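Colleague: What follows is the file query26.txt, containing compact mmCIF, C-alpha atoms (C1' of nucleotides):
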# COMPACT_ATOMS: atom_id res chain seq x y z
CA MET A 1 26.35 -3.29 21.28
CA PRO A 2 26.45 -7.08 20.90
CA LYS A 3 25.76 -8.66 17.53
CA ARG A 4 22.47 -10.33 18.49
CA GLU A 5 21.01 -7.13 19.83
CA ARG A 6 22.13 -5.17 16.75
CA GLN A 7 20.44 -7.69 14.47
CA ARG A 8 17.23 -7.44 16.47
CA GLN A 9 17.30 -3.65 16.22
CA LEU A 10 18.07 -3.96 12.52
CA GLU A 11 14.95 -6.00 11.90
CA ILE A 12 12.87 -3.50 13.84
CA SER A 13 14.38 -0.54 11.98
CA LEU A 14 13.72 -2.05 8.59
CA GLU A 15 10.21 -3.08 9.50
CA GLN A 16 9.43 0.50 10.42
CA ASN A 17 11.33 1.97 7.48
CA PRO A 18 12.15 -0.41 4.62
CA PHE A 19 13.70 2.48 2.66
CA LEU A 20 17.02 2.47 4.53
CA THR A 21 20.11 1.58 2.50
CA ASP A 22 22.96 -0.46 3.92
CA GLU A 23 25.06 2.68 4.09
CA GLU A 24 22.46 4.56 6.11
CA LEU A 25 22.11 1.58 8.42
CA SER A 26 25.88 1.33 8.85
CA LYS A 27 25.92 4.92 10.08
CA GLN A 28 22.94 4.34 12.35
CA PHE A 29 24.59 1.35 14.04
CA LYS A 30 28.15 2.66 13.74
CA VAL A 31 29.45 -0.43 11.99
CA SER A 32 30.76 -0.98 8.47
CA VAL A 33 28.53 -1.55 5.47
CA GLN A 34 29.89 -5.10 5.25
CA THR A 35 28.71 -5.91 8.74
CA ILE A 36 25.24 -4.72 7.85
CA ARG A 37 25.31 -6.96 4.77
CA LEU A 38 26.35 -9.96 6.88
CA ASP A 39 23.60 -9.16 9.37
CA ARG A 40 21.01 -9.01 6.62
CA LEU A 41 22.32 -12.27 5.23
CA GLU A 42 22.05 -14.01 8.61
CA CYS A 43 18.58 -12.61 9.26
CA GLY A 44 17.38 -13.32 5.73
CA ILE A 45 16.52 -9.69 5.09
CA PRO A 46 16.53 -8.86 1.37
CA GLU A 47 18.18 -5.81 -0.13
CA LEU A 48 16.56 -2.41 -0.42
CA ARG A 49 15.20 -2.91 -3.92
CA GLU A 50 13.62 -6.24 -3.09
CA ARG A 51 12.08 -4.76 0.04
CA LEU A 52 10.55 -1.90 -1.91
CA LYS A 53 9.29 -4.34 -4.51
CA THR A 54 7.37 -6.37 -1.95
CA VAL A 55 6.08 -3.30 -0.13
CA ALA A 56 4.92 -1.84 -3.44
CA ALA A 57 3.30 -5.13 -4.38
CA ARG A 58 1.35 -5.06 -1.13
CA THR A 59 0.04 -1.61 -2.05
CA MET A 60 -1.15 -2.57 -5.47
CA GLU A 61 -3.09 -5.45 -3.97
CA ALA A 62 -4.49 -3.34 -1.18
CA GLU A 63 -5.52 -0.61 -3.59
CA VAL A 64 -7.46 -2.98 -5.77
CA LYS A 65 -9.13 -4.38 -2.67
CA SER A 66 -10.01 -1.00 -1.19
CA LEU A 67 -11.23 0.30 -4.51
CA GLN A 68 -13.91 -2.30 -4.77
CA SER A 69 -14.58 -2.40 -1.06
CA ASP A 70 -15.16 1.31 -0.76
CA GLU A 71 -18.25 1.65 -2.89
CA ILE A 72 -19.73 -1.62 -1.69
CA ILE A 73 -18.58 -3.64 1.29
CA GLY A 74 -18.77 -7.20 0.05
CA GLU A 75 -19.52 -8.26 -3.47
CA ILE A 76 -22.98 -7.96 -4.93
CA VAL A 77 -23.95 -11.19 -6.61
CA ASP A 78 -27.60 -10.56 -7.42
CA ILE A 79 -29.62 -7.41 -7.63
CA VAL A 80 -33.09 -6.39 -8.79
CA LEU A 81 -33.30 -2.65 -8.34
CA ASP A 82 -35.93 -1.42 -5.91
CA LYS A 83 -36.73 -5.00 -4.96
CA ARG A 84 -33.94 -7.16 -3.60
CA ALA A 85 -30.19 -7.72 -3.62
CA VAL A 86 -27.63 -10.19 -2.30
CA SER A 87 -24.01 -9.61 -1.39
CA ILE A 88 -21.21 -11.83 -0.16
CA PHE A 89 -18.59 -10.72 2.31
CA ASP A 90 -15.67 -12.93 3.29
CA VAL A 91 -14.50 -12.22 6.81
CA THR A 92 -10.73 -12.20 7.25
CA ASP A 93 -8.40 -11.61 10.17
CA ASP A 94 -8.54 -7.92 9.31
CA HIS A 95 -12.16 -7.74 10.39
CA VAL A 96 -12.08 -9.40 13.79
CA PHE A 97 -11.12 -8.50 17.33
CA ARG A 98 -7.67 -9.89 17.88
CA ARG A 99 -8.42 -11.26 21.31
CA SER A 100 -11.72 -12.94 20.62
CA GLY A 101 -11.56 -13.54 16.87
CA ILE A 102 -15.10 -12.20 16.53
CA ALA A 103 -15.94 -9.82 13.71
CA ARG A 104 -16.35 -6.17 14.62
CA GLY A 105 -19.95 -5.05 14.31
CA HIS A 106 -19.25 -2.22 11.93
CA HIS A 107 -18.17 -4.57 9.15
CA LEU A 108 -21.48 -6.41 9.24
CA PHE A 109 -23.24 -3.09 9.37
CA ALA A 110 -21.20 -1.78 6.43
CA GLN A 111 -22.10 -4.76 4.27
CA ALA A 112 -25.79 -4.46 5.10
CA ASN A 113 -25.91 -0.69 4.83
CA SER A 114 -24.09 -0.48 1.52
CA LEU A 115 -26.34 -3.20 0.15
CA ALA A 116 -29.38 -1.22 1.27
CA VAL A 117 -28.01 1.80 -0.57
CA ALA A 118 -27.24 -0.20 -3.69
CA VAL A 119 -30.62 -1.87 -3.95
CA LEU A 120 -32.37 1.47 -4.27
CA ASP A 121 -32.31 2.70 -7.82
CA ASP A 122 -31.37 6.20 -6.86
CA ASP A 123 -28.39 8.43 -7.37
CA LEU A 124 -28.52 9.40 -3.78
CA ALA A 125 -30.04 7.19 -1.13
CA LEU A 126 -29.19 8.00 2.47
CA THR A 127 -29.74 6.06 5.64
CA VAL A 128 -32.05 7.83 8.08
CA THR A 129 -32.54 5.33 10.86
CA SER A 130 -31.75 1.72 11.41
CA ASP A 131 -32.40 -0.96 13.93
CA LEU A 132 -29.79 -3.69 14.18
CA HIS A 133 -29.56 -7.08 15.81
CA PHE A 134 -26.27 -8.92 16.05
CA LEU A 135 -27.52 -12.42 16.75
CA LYS A 136 -24.50 -14.67 16.55
CA PRO A 137 -20.79 -13.97 16.55
CA VAL A 138 -19.11 -14.10 13.13
CA ARG A 139 -15.52 -15.27 12.82
CA SER A 140 -12.60 -15.04 10.46
CA GLY A 141 -13.13 -17.33 7.49
CA ASP A 142 -16.91 -17.07 7.62
CA ARG A 143 -18.71 -16.11 4.42
CA VAL A 144 -21.51 -13.71 5.24
CA ILE A 145 -24.40 -13.59 2.79
CA ALA A 146 -26.56 -10.50 3.14
CA ARG A 147 -30.03 -10.40 1.58
CA ALA A 148 -31.77 -7.08 1.24
CA ILE A 149 -35.48 -6.80 0.53
CA VAL A 150 -37.25 -3.53 -0.13
CA ASP A 151 -40.42 -3.37 1.97
CA LYS A 152 -42.86 -1.75 -0.42
CA GLU A 153 -45.79 -1.79 1.97
CA ARG A 154 -44.21 0.61 4.40
CA SER A 155 -42.46 2.76 1.80
CA ASN A 156 -43.67 6.00 0.34
CA ASN A 157 -42.06 8.29 -2.18
CA LYS A 158 -39.60 9.87 0.25
CA ARG A 159 -39.00 7.04 2.69
CA THR A 160 -38.12 3.50 1.80
CA PHE A 161 -37.69 0.60 4.19
CA VAL A 162 -35.09 -2.04 3.44
CA ASP A 163 -34.74 -5.20 5.50
CA VAL A 164 -31.40 -6.97 5.48
CA ILE A 165 -30.77 -10.45 6.81
CA SER A 166 -27.19 -11.73 6.95
CA THR A 167 -26.45 -15.41 7.28
CA VAL A 168 -23.43 -17.67 7.70
CA GLU A 169 -24.09 -21.22 6.57
CA ASN A 170 -27.85 -20.64 6.67
CA GLU A 171 -27.76 -19.37 10.22
CA THR A 172 -28.88 -15.79 10.71
CA VAL A 173 -26.10 -13.78 12.30
CA PHE A 174 -27.40 -10.27 11.78
CA THR A 175 -30.59 -8.46 10.89
CA GLY A 176 -31.01 -4.81 10.08
CA GLU A 177 -33.96 -2.64 9.25
CA PHE A 178 -32.98 0.46 7.31
CA GLN A 179 -35.16 3.46 6.72
CA MET A 180 -33.74 5.19 3.66
CA TYR A 181 -34.21 8.66 2.30
CA GLN A 182 -34.39 9.09 -1.46
CA THR A 183 -34.03 12.38 -3.25
CA THR A 184 -35.56 11.59 -6.59
CA ASP A 185 -39.31 11.30 -6.89
CA HIS A 186 -40.42 7.73 -7.39
CA SER A 187 -44.18 8.36 -7.34
CA GLY A 188 -44.52 8.30 -11.09
CA ARG A 189 -42.85 4.92 -11.36
CA GLU A 190 -44.17 1.47 -11.25
CA ILE A 191 -44.37 0.23 -7.74
CA MET B 1 2.04 2.35 -34.20
CA PRO B 2 2.69 6.10 -34.14
CA LYS B 3 4.83 7.62 -31.45
CA ARG B 4 2.06 9.58 -29.71
CA GLU B 5 -0.14 6.53 -29.41
CA ARG B 6 2.72 4.41 -28.11
CA GLN B 7 3.46 6.97 -25.41
CA ARG B 8 -0.19 7.05 -24.38
CA GLN B 9 -0.24 3.26 -24.12
CA LEU B 10 3.04 3.40 -22.21
CA GLU B 11 1.56 5.67 -19.57
CA ILE B 12 -1.45 3.39 -19.23
CA SER B 13 0.71 0.27 -18.98
CA LEU B 14 2.87 1.75 -16.26
CA GLU B 15 -0.08 3.06 -14.31
CA GLN B 16 -1.54 -0.42 -14.22
CA ASN B 17 1.78 -2.11 -13.58
CA PRO B 18 4.61 0.11 -12.34
CA PHE B 19 6.88 -2.94 -12.05
CA LEU B 20 7.73 -3.14 -15.76
CA THR B 21 11.38 -2.57 -16.72
CA ASP B 22 12.38 -0.71 -19.87
CA GLU B 23 13.44 -3.99 -21.39
CA GLU B 24 10.07 -5.60 -20.78
CA LEU B 25 8.36 -2.54 -22.20
CA SER B 26 10.57 -2.59 -25.27
CA LYS B 27 9.44 -6.14 -25.98
CA GLN B 28 5.81 -5.25 -25.35
CA PHE B 29 5.90 -2.35 -27.82
CA LYS B 30 8.39 -3.95 -30.19
CA VAL B 31 10.81 -1.03 -30.12
CA SER B 32 14.32 -0.68 -28.73
CA VAL B 33 15.07 -0.02 -25.07
CA GLN B 34 16.39 3.41 -26.04
CA THR B 35 13.10 4.39 -27.57
CA ILE B 36 11.34 3.47 -24.36
CA ARG B 37 13.82 5.60 -22.44
CA LEU B 38 13.18 8.57 -24.74
CA ASP B 39 9.45 8.06 -24.36
CA ARG B 40 9.72 8.03 -20.58
CA LEU B 41 11.87 11.15 -20.73
CA GLU B 42 9.33 12.98 -22.86
CA CYS B 43 6.41 11.89 -20.72
CA GLY B 44 8.22 12.60 -17.48
CA ILE B 45 7.87 9.02 -16.26
CA PRO B 46 10.55 8.11 -13.72
CA GLU B 47 12.56 4.91 -13.80
CA LEU B 48 11.43 1.63 -12.27
CA ARG B 49 13.14 2.13 -8.92
CA GLU B 50 11.71 5.59 -8.44
CA ARG B 51 8.27 4.32 -9.36
CA LEU B 52 8.48 1.52 -6.81
CA LYS B 53 9.74 3.97 -4.21
CA THR B 54 6.69 6.18 -4.56
CA VAL B 55 4.28 3.26 -4.69
CA ALA B 56 5.90 1.78 -1.58
CA ALA B 57 5.73 5.14 0.16
CA ARG B 58 1.99 5.28 -0.51
CA THR B 59 1.63 1.89 1.16
CA MET B 60 3.49 2.80 4.28
CA GLU B 61 1.27 5.83 4.71
CA ALA B 62 -1.87 3.86 4.06
CA GLU B 63 -0.81 1.15 6.46
CA VAL B 64 -0.20 3.55 9.29
CA LYS B 65 -3.60 5.06 8.61
CA SER B 66 -5.43 1.75 8.47
CA LEU B 67 -3.60 0.42 11.50
CA GLN B 68 -4.89 3.14 13.75
CA SER B 69 -8.25 3.20 12.04
CA ASP B 70 -8.86 -0.50 12.41
CA GLU B 71 -8.93 -0.86 16.17
CA ILE B 72 -10.75 2.39 16.68
CA ILE B 73 -12.39 4.43 13.97
CA GLY B 74 -11.51 7.97 14.87
CA GLU B 75 -9.20 9.01 17.66
CA ILE B 76 -10.18 8.71 21.28
CA VAL B 77 -9.45 11.95 23.08
CA ASP B 78 -11.07 11.33 26.44
CA ILE B 79 -12.16 8.18 28.17
CA VAL B 80 -13.39 7.17 31.61
CA LEU B 81 -13.87 3.42 31.51
CA ASP B 82 -17.41 2.20 32.09
CA LYS B 83 -18.63 5.78 32.12
CA ARG B 84 -17.98 7.93 29.08
CA ALA B 85 -15.64 8.48 26.14
CA VAL B 86 -15.12 10.95 23.31
CA SER B 87 -13.60 10.36 19.91
CA ILE B 88 -12.83 12.58 16.93
CA PHE B 89 -13.18 11.46 13.35
CA ASP B 90 -12.13 13.66 10.45
CA VAL B 91 -14.18 12.95 7.35
CA THR B 92 -12.21 12.92 4.11
CA ASP B 93 -13.06 12.34 0.47
CA ASP B 94 -12.50 8.64 1.12
CA HIS B 95 -15.58 8.47 3.32
CA VAL B 96 -18.20 10.13 1.15
CA PHE B 97 -20.39 9.23 -1.78
CA ARG B 98 -18.69 10.60 -4.85
CA ARG B 99 -21.84 11.98 -6.37
CA SER B 100 -23.33 13.67 -3.36
CA GLY B 101 -20.28 14.27 -1.17
CA ILE B 102 -22.21 12.96 1.83
CA ALA B 103 -20.51 10.56 4.24
CA ARG B 104 -21.49 6.91 4.01
CA GLY B 105 -23.47 5.81 7.03
CA HIS B 106 -21.18 2.98 7.96
CA HIS B 107 -18.32 5.32 8.80
CA LEU B 108 -20.41 7.17 11.36
CA PHE B 109 -21.62 3.85 12.68
CA ALA B 110 -18.05 2.53 12.87
CA GLN B 111 -16.89 5.51 14.91
CA ALA B 112 -19.83 5.23 17.31
CA ASN B 113 -19.69 1.45 17.59
CA SER B 114 -15.96 1.24 18.18
CA LEU B 115 -16.27 3.96 20.80
CA ALA B 116 -19.02 1.99 22.51
CA VAL B 117 -16.74 -1.04 22.57
CA ALA B 118 -13.80 0.96 23.88
CA VAL B 119 -15.67 2.64 26.71
CA LEU B 120 -16.52 -0.69 28.27
CA ASP B 121 -13.68 -1.92 30.42
CA ASP B 122 -13.86 -5.42 29.11
CA ASP B 123 -11.63 -7.69 27.09
CA LEU B 124 -14.54 -8.65 24.97
CA ALA B 125 -17.56 -6.43 24.54
CA LEU B 126 -19.87 -7.23 21.65
CA THR B 127 -22.71 -5.29 20.13
CA VAL B 128 -26.07 -7.04 20.44
CA THR B 129 -28.54 -4.54 19.10
CA SER B 130 -28.48 -0.93 18.14
CA ASP B 131 -30.84 1.77 17.10
CA LEU B 132 -29.44 4.48 14.88
CA HIS B 133 -30.56 7.88 13.68
CA PHE B 134 -28.72 9.70 10.94
CA LEU B 135 -30.04 13.21 11.50
CA LYS B 136 -28.01 15.44 9.21
CA PRO B 137 -25.70 14.72 6.30
CA VAL B 138 -22.00 14.84 7.09
CA ARG B 139 -19.53 16.02 4.45
CA SER B 140 -15.87 15.75 3.61
CA GLY B 141 -13.84 18.05 5.85
CA ASP B 142 -16.28 17.80 8.76
CA ARG B 143 -14.88 16.85 12.14
CA VAL B 144 -17.27 14.46 13.84
CA ILE B 145 -17.11 14.34 17.62
CA ALA B 146 -18.75 11.26 19.11
CA ARG B 147 -19.65 11.18 22.80
CA ALA B 148 -20.47 7.86 24.40
CA ILE B 149 -22.19 7.59 27.76
CA VAL B 150 -22.77 4.32 29.58
CA ASP B 151 -26.36 4.17 30.77
CA LYS B 152 -26.00 2.55 34.18
CA GLU B 153 -29.69 2.60 35.02
CA ARG B 154 -30.63 0.19 32.27
CA SER B 155 -27.51 -1.97 32.48
CA ASN B 156 -27.12 -5.20 34.36
CA ASN B 157 -24.16 -7.52 34.66
CA LYS B 158 -24.57 -9.08 31.22
CA ARG B 159 -26.09 -6.25 29.23
CA THR B 160 -24.83 -2.70 29.08
CA PHE B 161 -26.44 0.20 27.27
CA VAL B 162 -24.26 2.83 25.68
CA ASP B 163 -25.65 5.98 24.13
CA VAL B 164 -23.57 7.75 21.51
CA ILE B 165 -24.23 11.24 20.18
CA SER B 166 -22.12 12.50 17.27
CA THR B 167 -21.92 16.19 16.46
CA VAL B 168 -20.38 18.43 13.84
CA GLU B 169 -19.88 21.99 15.04
CA ASN B 170 -22.28 21.43 17.93
CA GLU B 171 -25.03 20.14 15.68
CA THR B 172 -26.11 16.59 16.28
CA VAL B 173 -25.67 14.55 13.11
CA PHE B 174 -26.06 11.04 14.47
CA THR B 175 -27.34 9.23 17.53
CA GLY B 176 -26.96 5.59 18.36
CA GLU B 177 -28.13 3.43 21.21
CA PHE B 178 -26.01 0.33 21.64
CA GLN B 179 -26.90 -2.67 23.71
CA MET B 180 -23.63 -4.41 24.49
CA TYR B 181 -22.83 -7.88 25.71
CA GLN B 182 -20.00 -8.31 28.18
CA THR B 183 -18.38 -11.61 29.00
CA THR B 184 -16.64 -10.82 32.26
CA ASP B 185 -18.71 -10.52 35.40
CA HIS B 186 -18.96 -6.93 36.55
CA SER B 187 -21.30 -7.53 39.47
CA GLY B 188 -18.52 -7.54 42.03
CA ARG B 189 -17.19 -4.19 40.88
CA GLU B 190 -18.20 -0.72 41.58
CA ILE B 191 -21.01 -0.15 39.09
C1' DT C 1 49.87 -17.93 23.26
C1' DC C 2 46.75 -19.55 19.97
C1' DC C 3 41.91 -20.18 18.34
C1' DG C 4 37.64 -18.57 16.64
C1' DG C 5 34.02 -15.52 16.00
C1' DA C 6 33.25 -10.77 14.61
C1' DT C 7 34.42 -7.16 11.88
C1' DT C 8 36.34 -4.72 8.10
C1' DA C 9 38.36 -4.11 3.43
C1' DG C 10 38.74 -4.86 -1.39
C1' DC C 11 37.54 -6.53 -5.86
C1' DA C 12 34.73 -8.39 -9.64
C1' DC C 13 30.22 -8.57 -11.19
C1' DT C 14 24.91 -7.54 -11.61
C1' DT C 15 20.56 -4.69 -12.55
C1' DG C 16 18.34 -1.10 -14.23
C1' DG C 17 18.98 2.58 -15.04
C1' DT C 18 21.07 8.18 -16.70
C1' DA C 19 23.52 11.11 -19.92
C1' DC C 20 25.47 11.66 -23.96
C1' DT C 21 27.09 10.94 -28.86
C1' DA C 22 26.71 8.98 -33.17
C1' DA C 23 24.73 6.40 -36.81
C1' DT C 24 20.84 5.20 -39.53
C1' DA C 25 16.22 5.32 -41.53
C1' DC C 26 12.52 7.45 -43.60
C1' DC C 27 9.45 10.87 -45.27
C1' DA C 28 8.29 15.48 -47.09
C1' DG C 29 9.39 19.71 -49.53
C1' DT C 30 11.60 22.09 -53.05
C1' DA D 1 18.02 14.27 -56.60
C1' DC D 2 19.29 16.76 -52.58
C1' DT D 3 18.30 18.54 -48.06
C1' DG D 4 16.13 18.80 -43.59
C1' DG D 5 13.85 17.11 -39.72
C1' DT D 6 12.04 13.61 -36.95
C1' DA D 7 12.28 9.02 -35.17
C1' DT D 8 14.74 5.26 -34.02
C1' DT D 9 18.63 2.54 -32.79
C1' DA D 10 23.36 1.60 -31.12
C1' DG D 11 27.06 2.25 -28.20
C1' DT D 12 29.81 4.14 -24.48
C1' DA D 13 30.77 5.87 -19.83
C1' DC D 14 28.94 6.18 -15.51
C1' DC D 15 25.95 5.49 -11.14
C1' DA D 16 23.49 3.30 -7.01
C1' DA D 17 22.90 -0.39 -4.37
C1' DG D 18 23.58 -4.18 -4.15
C1' DT D 19 25.76 -9.91 -4.31
C1' DG D 20 29.58 -13.09 -3.74
C1' DC D 21 33.92 -13.95 -2.68
C1' DT D 22 38.63 -13.71 -0.45
C1' DA D 23 41.62 -11.79 2.69
C1' DA D 24 43.11 -9.15 6.47
C1' DT D 25 42.52 -7.54 11.16
C1' DC D 26 40.76 -7.27 15.82
C1' DC D 27 39.58 -8.89 20.22
C1' DG D 28 38.46 -11.90 24.05
C1' DG D 29 38.78 -16.29 26.45
C1' DA D 30 40.88 -21.02 27.60
In structure tokens, write the structure found in this file.

Modeller:
Amino acid sequence: MPKRERQRQLEISLEQNPFLTDEELSKQFKVSVQTIRLDRLECGIPELRERLKTVAARTMEAEVKSLQSDEIIGEIVDIVLDKRAVSIFDVTDDHVFRRSGIARGHHLFAQANSLAVAVLDDDLALTVTSDLHFLKPVRSGDRVIARAIVDKERSNNKRTFVDVISTVENETVFTGEFQMYQTTDHSGREI
Amino acid sequence: MPKRERQRQLEISLEQNPFLTDEELSKQFKVSVQTIRLDRLECGIPELRERLKTVAARTMEAEVKSLQSDEIIGEIVDIVLDKRAVSIFDVTDDHVFRRSGIARGHHLFAQANSLAVAVLDDDLALTVTSDLHFLKPVRSGDRVIARAIVDKERSNNKRTFVDVISTVENETVFTGEFQMYQTTDHSGREI
DNA sequence: TCCGGATTAGCACTTGGTACTAATACCAGT
DNA sequence: ACTGGTATTAGTACCAAGTGCTAATCCGGA
């Protein structure tokens, strides 16, 4: 196998499995450990420990991100329980279709839906039905601001209606009407 | 600081930041490196490199998972383009409300919506509106099977209607009607 | 035949450890 | 005051997986 091709394969191997030591690689490619070291040097591939360090660093970051983004998609910036709430969601490359660069619908839905759940002062609010309108495409880099308002007129003690309007730079990109089910009895409360 | 307390703090420190070397820890706790080593030994905390290895391993796993789960939520098991498609989504603890154990709505939506996108033989299909019904709660461990059917009667060359029905053990848990926008012109094709 | 890139080998040194031994410190009990 | 036990510190030998360097060898083409 020619040198160029081996180096290409090496990069692929390490991308798939950064845990390989030079010795393991030398066996895989049937060359000496020194050759592997020279290859890594030429390709600018760091040693095992450095690779693990960066991979591990990625995890820590990702875990912090996913921790906060699991409960609520987006960040809640204002909330008055049982009345209204606002959340901000920054769209990144992770959220868009690669070909078109347009955000996948389920991320906008997730922001709106989790905001609708959060605005209800209930241990357990579930979505029953919802009616969605995706009005304008949202792209990577856009900051989506979702505003949820509890519609008290149409709500009763088991069903609550929450309207969510999401905007990017004051233009409405998404609207959702959520009919929510609440377990606890709210009839005794102030409405 | 007493030994017990120091060891407790040590565990906390390393959980938050597994990248700390014994030397850094010894400075942090103002004891010798050897003491830190003894503490790790007693608490069963592995050395830096082992810690990074396990953290990095977690990442790789997570990345494989999120890679496949980003394009399509769930796994497509059957598809006839522009006609129908089926996907399977296994609900885990990651998808449910901690308190109630019931799956968050946006995961069911994501499965259905991404299936609706996939079934359309188009580089760029976008969701315009959708009408959702969450009929029964879905729990961790449930296997959700989503079936998408393209409604040809109501579709024209710019708007396509896709109906998705999701079931768990033959019971319908979710239905969604998706009105999709397609960029490419399908009028010349077989319906 | 000679040149040059590619490969291999060998050695000293580095990091962040393990495993082990030994010394020291300090406090309580008798 | 002496002894015992725990805690801490110091020091040594060793290891894995490298870097950085020099030197030797191989192998193919002009």

Colleague: Pair the Cα atoms of chain A and chain B in order, fit the first onto the second, and let me know the RMSD in Å.

Modeller: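 Computed on C-alpha atoms only, the RMSD stands at 0.7 Å.
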
Colleague: Find the nearest atom pair between each residue of chain D and region 13-27 of chain C for residues within 9 Å, count only C-alpha atoms (C1' of nucleotides), give distances in Å to one decimal, sort rows by chain and ascending number, and present the table as JSON lines.

Modeller:
{"residue": "D:DA7", "atom": "C1'", "partner": "C:DA25", "partner_atom": "C1'", "distance": 8.3}
{"residue": "D:DT8", "atom": "C1'", "partner": "C:DA25", "partner_atom": "C1'", "distance": 7.7}
{"residue": "D:DT9", "atom": "C1'", "partner": "C:DT24", "partner_atom": "C1'", "distance": 7.6}
{"residue": "D:DA10", "atom": "C1'", "partner": "C:DA23", "partner_atom": "C1'", "distance": 7.6}
{"residue": "D:DG11", "atom": "C1'", "partner": "C:DA22", "partner_atom": "C1'", "distance": 8.4}
{"residue": "D:DT12", "atom": "C1'", "partner": "C:DT21", "partner_atom": "C1'", "distance": 8.5}
{"residue": "D:DA13", "atom": "C1'", "partner": "C:DC20", "partner_atom": "C1'", "distance": 8.9}
{"residue": "D:DC14", "atom": "C1'", "partner": "C:DT18", "partner_atom": "C1'", "distance": 8.2}
{"residue": "D:DC15", "atom": "C1'", "partner": "C:DT18", "partner_atom": "C1'", "distance": 7.9}
{"residue": "D:DG18", "atom": "C1'", "partner": "C:DT14", "partner_atom": "C1'", "distance": 8.3}
{"residue": "D:DT19", "atom": "C1'", "partner": "C:DT14", "partner_atom": "C1'", "distance": 7.7}
{"residue": "D:DG20", "atom": "C1'", "partner": "C:DC13", "partner_atom": "C1'", "distance": 8.7}

Colleague: For the residues in that selection, give me C-alpha atoms (C1' of nucleotides) as a PDB file, keeping the file's coordinate frame.

Modeller:
ATOM      1  C1'  DA D   7      12.280   9.020 -35.170  1.00  0.00           C
ATOM      2  C1'  DT D   8      14.740   5.260 -34.020  1.00  0.00           C
ATOM      3  C1'  DT D   9      18.630   2.540 -32.790  1.00  0.00           C
ATOM      4  C1'  DA D  10      23.360   1.600 -31.120  1.00  0.00           C
ATOM      5  C1'  DG D  11      27.060   2.250 -28.200  1.00  0.00           C
ATOM      6  C1'  DT D  12      29.810   4.140 -24.480  1.00  0.00           C
ATOM      7  C1'  DA D  13      30.770   5.870 -19.830  1.00  0.00           C
ATOM      8  C1'  DC D  14      28.940   6.180 -15.510  1.00  0.00           C
ATOM      9  C1'  DC D  15      25.950   5.490 -11.140  1.00  0.00           C
ATOM     10  C1'  DG D  18      23.580  -4.180  -4.150  1.00  0.00           C
ATOM     11  C1'  DT D  19      25.760  -9.910  -4.310  1.00  0.00           C
ATOM     12  C1'  DG D  20      29.580 -13.090  -3.740  1.00  0.00           C
TER      13       DG D  20
END

Colleague: If we count all atoms listed in the file, which residues of chain A reach to within 6 Å of chain B? Please list them as a list in words.

Modeller: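 Selected residues: Leu52, Val55, Ala56, Thr59, His106, Ala110, Val128, Thr129, Ser130, Asp131, Leu132, His133 and Phe134 of chain A.
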
Colleague: For chain B against chain D, which residues fall within 9 Å using all atoms listed in the file, given as a list of chain:residue names?

Modeller: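 Written out as asked, the residues are B:Lys3, B:Val31, B:Ser32, B:Val33, B:Gln34, B:Thr35.
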
Colleague: Would you give me, as number ranges by chain, the residues of chain C that come within 10 Å of chain A, using all atoms listed in the file?

Modeller: C: 6-9

Colleague: Give me, as a compact mmCIF listing (two decimals) with C-alpha atoms, keeping the file's coordinate frame, all polymer residues having an atom no more than 10 Å from Ser87 (chain A), counting only C-alpha atoms (C1' of nucleotides) and skipping those fewer than 5 positions away in the same chain.

Modeller:
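What follows is the written file part-v9.txt:
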# COMPACT_ATOMS: atom_id res chain seq x y z
CA ILE A 72 -19.73 -1.62 -1.69
CA ILE A 73 -18.58 -3.64 1.29
CA GLY A 74 -18.77 -7.20 0.05
CA GLU A 75 -19.52 -8.26 -3.47
CA ILE A 76 -22.98 -7.96 -4.93
CA VAL A 77 -23.95 -11.19 -6.61
CA ASP A 78 -27.60 -10.56 -7.42
CA ILE A 79 -29.62 -7.41 -7.63
CA GLN A 111 -22.10 -4.76 4.27
CA ALA A 112 -25.79 -4.46 5.10
CA SER A 114 -24.09 -0.48 1.52
CA LEU A 115 -26.34 -3.20 0.15
CA VAL A 144 -21.51 -13.71 5.24
CA ILE A 145 -24.40 -13.59 2.79
CA ALA A 146 -26.56 -10.50 3.14
CA ARG A 147 -30.03 -10.40 1.58
CA ALA A 148 -31.77 -7.08 1.24
CA SER A 166 -27.19 -11.73 6.95

Colleague: Find the distance between CA of Asn156 (chain B) and CA of Arg84 (chain B) and write it in Å to one decimal.

Modeller: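 Calculated distance between CA of Asn156 (chain B) and CA of Arg84 (chain B) is 16.8 Å.
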
Colleague: Between CA of Arg6 (chain A) and CA of Lys27 (chain A), what is the distance in Å, rounded to a tenth?

Modeller: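 So the two atoms, CA of Arg6 (chain A) and CA of Lys27 (chain A), lie 12.7 Å apart.
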
Colleague: Need the axis-aligned box for region 77-92 of chain B with 4 Å each side, so what are the centre and edges in Å to one decimal, as AutoDock Vina command-line options?

Modeller:
--center_x -14.0 --center_y 7.9 --center_z 18.1 --size_x 17.2 --size_y 19.5 --size_z 36.0

Colleague: Work out how far CA of Val164 (chain B) is from CA of Thr167 (chain A), in Å to one decimal.

Modeller: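 Calculated distance between CA of Thr167 (chain A) and CA of Val164 (chain B) is 27.3 Å.
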